[in-house]
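> What follows is final-v1.pdb; its format and atoms are PDB, C-alpha atoms, pLDDT in the B column.
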```pdb
ATOM      1  CA  MET E 212      56.790  -0.303 123.999  1.00 82.00           C
ATOM      2  CA  MET E 213      53.622   1.231 125.477  1.00 88.00           C
ATOM      3  CA  GLU E 214      54.405   4.584 123.853  1.00 91.00           C
ATOM      4  CA  THR E 215      54.207   2.891 120.451  1.00 92.00           C
ATOM      5  CA  LEU E 216      50.787   1.410 121.257  1.00 93.00           C
ATOM      6  CA  TYR E 217      49.522   4.823 122.357  1.00 94.00           C
ATOM      7  CA  LEU E 218      50.357   6.037 118.861  1.00 95.00           C
ATOM      8  CA  LEU E 219      49.349   2.977 116.756  1.00 96.00           C
ATOM      9  CA  ILE E 220      45.915   2.280 118.290  1.00 96.00           C
ATOM     10  CA  PRO E 221      44.452   5.754 117.568  1.00 96.00           C
ATOM     11  CA  ILE E 222      45.978   5.689 114.075  1.00 97.00           C
ATOM     12  CA  SER E 223      44.426   2.280 113.373  1.00 98.00           C
ATOM     13  CA  VAL E 224      41.020   3.417 114.695  1.00 98.00           C
ATOM     14  CA  VAL E 225      41.108   6.488 112.445  1.00 98.00           C
ATOM     15  CA  LEU E 226      42.202   4.341 109.488  1.00 98.00           C
ATOM     16  CA  VAL E 227      39.354   1.875 110.046  1.00 98.00           C
ATOM     17  CA  PHE E 228      36.929   4.798 110.322  1.00 98.00           C
ATOM     18  CA  LEU E 229      38.178   6.295 107.027  1.00 98.00           C
ATOM     19  CA  ILE E 230      37.990   2.934 105.250  1.00 98.00           C
ATOM     20  CA  GLY E 231      34.437   2.481 106.561  1.00 97.00           C
ATOM     21  CA  ILE E 232      33.439   5.904 105.220  1.00 97.00           C
ATOM     22  CA  ALA E 233      34.984   5.111 101.812  1.00 96.00           C
ATOM     23  CA  PHE E 234      33.186   1.757 101.687  1.00 95.00           C
ATOM     24  CA  TRP E 235      29.851   3.321 102.686  1.00 96.00           C
ATOM     25  CA  TRP E 236      30.290   6.018 100.011  1.00 95.00           C
ATOM     26  CA  SER E 237      31.037   3.393  97.349  1.00 92.00           C
ATOM     27  CA  LEU E 238      27.929   1.413  98.290  1.00 91.00           C
ATOM     28  CA  ARG E 239      25.713   4.499  98.166  1.00 92.00           C
ATOM     29  CA  ASN E 240      27.051   5.572  94.759  1.00 92.00           C
ATOM     30  CA  GLY E 241      26.570   2.227  93.011  1.00 86.00           C
ATOM     31  CA  GLN E 242      30.183   1.157  92.723  1.00 84.00           C
ATOM     32  CA  PHE E 243      29.269  -2.484  93.424  1.00 81.00           C
ATOM     33  CA  ASP E 244      26.027  -2.710  91.420  1.00 83.00           C
ATOM     34  CA  ASP E 245      27.081  -5.056  88.632  1.00 82.00           C
ATOM     35  CA  LEU E 246      30.684  -6.047  88.138  1.00 77.00           C
ATOM     36  CA  GLU E 247      30.274  -8.804  85.518  1.00 84.00           C
ATOM     37  CA  GLY E 248      27.287  -7.694  83.450  1.00 85.00           C
ATOM     38  CA  PRO E 249      29.023  -5.182  81.170  1.00 80.00           C
ATOM     39  CA  ALA E 250      31.877  -7.609  80.507  1.00 82.00           C
ATOM     40  CA  TYR E 251      29.481 -10.373  79.448  1.00 85.00           C
ATOM     41  CA  ARG E 252      27.262  -7.969  77.495  1.00 82.00           C
ATOM     42  CA  ILE E 253      30.113  -7.368  75.042  1.00 83.00           C
ATOM     43  CA  LEU E 254      30.241 -11.096  74.309  1.00 84.00           C
ATOM     44  CA  MET E 255      26.479 -11.484  73.825  1.00 81.00           C
ATOM     45  CA  ASP E 256      26.207 -10.921  70.087  1.00 73.00           C
ATOM     46  CA  ASP E 257      22.670 -10.680  68.782  1.00 71.00           C
ATOM     47  CA  ASP E 258      22.916 -12.520  65.465  1.00 67.00           C
ATOM     48  CA  ARG E 259      19.180 -13.054  65.124  1.00 68.00           C
ATOM     49  CA  SER E 260      17.421 -11.050  62.436  1.00 66.00           C
ATOM     50  CA  ARG E 261      15.295  -8.186  63.616  1.00 67.00           C
ATOM     51  CA  PRO E 262      11.531  -8.539  63.292  1.00 69.00           C
ATOM     52  CA  VAL E 263       9.933  -6.848  60.309  1.00 70.00           C
ATOM     53  CA  SER E 264       8.228  -3.637  61.332  1.00 69.00           C
ATOM     54  CA  PRO E 265       4.602  -2.984  60.366  1.00 71.00           C
ATOM     55  CA  ALA E 266       3.963  -1.125  57.100  1.00 66.00           C
ATOM     56  CA  GLY E 267       3.043   2.055  58.993  1.00 58.00           C
ATOM     57  CA  ASP E 268       6.536   2.292  60.501  1.00 57.00           C
ATOM     58  CA  ALA E 269       8.361   2.038  57.173  1.00 54.00           C
ATOM     59  CA  PRO E 270       9.849   5.289  55.861  1.00 55.00           C
ATOM     60  CA  ASP E 271       7.964   6.840  52.960  1.00 54.00           C
ATOM     61  CA  LYS E 272       9.761   6.028  49.734  1.00 55.00           C
ATOM     62  CA  SER E 273       8.450   7.822  46.707  1.00 53.00           C
ATOM     63  CA  PRO E 274       9.036   6.341  43.239  1.00 53.00           C
ATOM     64  CA  ASP E 275      11.238   9.334  42.420  1.00 52.00           C
ATOM     65  CA  ALA E 276      13.607   8.515  45.283  1.00 49.00           C
ATOM     66  CA  LYS E 277      14.053   4.897  44.194  1.00 49.00           C
ATOM     67  CA  ALA E 278      16.772   4.166  41.674  1.00 51.00           C
ATOM     68  CA  GLU E 279      16.075   1.365  39.299  1.00 53.00           C
ATOM     69  CA  HIS E 280      18.803  -1.253  39.189  1.00 52.00           C
ATOM     70  CA  ALA E 281      19.466  -4.248  36.998  1.00 54.00           C
ATOM     71  CA  GLY E 282      20.020  -7.626  38.632  1.00 58.00           C
ATOM     72  CA  ASP E 283      23.762  -7.015  38.864  1.00 60.00           C
ATOM     73  CA  GLY E 284      23.362  -3.781  40.841  1.00 58.00           C
ATOM     74  CA  SER E 285      24.154  -1.421  37.977  1.00 58.00           C
ATOM     75  CA  PRO E 286      21.646   1.327  37.148  1.00 59.00           C
ATOM     76  CA  VAL E 287      19.112   0.490  34.477  1.00 59.00           C
ATOM     77  CA  THR E 288      19.525   2.507  31.317  1.00 60.00           C
ATOM     78  CA  ASN E 289      16.960   3.103  28.631  1.00 59.00           C
ATOM     79  CA  ARG E 290      17.038  -0.166  26.752  1.00 58.00           C
ATOM     80  CA  SER E 291      14.463   0.735  24.146  1.00 60.00           C
ATOM     81  CA  GLY E 292      16.195   1.738  20.968  1.00 55.00           C
ATOM     82  CA  SER E 293      15.112   5.359  21.216  1.00 53.00           C
TER      83      SER E 293
END
```
Using the file provided, produce a representation of the structure as structure tokens.

Amino acid sequence: MMETLYLLIPISVVLVFLIGIAFWWSLRNGQFDDLEGPAYRILMDDDRSRPVSPAGDAPDKSPDAKAEHAGDGSPVTNRSGS
């Protein structure tokens, strides 16, 4: 019986030491920083409209780049009889 304890006690001390090192490493490397935040962030849908940016931030749209469209979305054709 004592021979078994001579073997199990050092093994358990080494095991506790290794688990302590693994736990310390995980704390130092941020493994326990935020466990629930990313899971909840997926569910937080931002349905609000984005604020309108100032006129200086708008991309430059020249009249040549704009396509004229009728109210139904189709391109406007020359409607004068010529």
> Kindly give the distance, in Å, that separates atom CA of E:Asn240 and atom CA of E:Val225, rounded to a single decimal.
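Distance between the two atoms: 22.6 Å.
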> Please report the interatomic distance between atom CA of E:Ile220 and atom CA of E:Ser237 in Å with one decimal.
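If I compute the distance from atom CA of E:Ile220 to atom CA of E:Ser237, I get 25.7 Å.
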> Could you work out an axis-aligned bounding box for all listed atoms of stretch 228-245 of chain E, with 4 Å added on each of the six sides, and give its centre and edge lengths in Å to one decimal, as lines of an AutoDock Vina configuration file?

```
center_x = 31.9
center_y = 0.6
center_z = 99.5
size_x = 20.5
size_y = 19.4
size_z = 29.7
```
> Do you have the atom CA of E:Gln242-atom CA of E:Ile230 distance handy?
14.9 Å
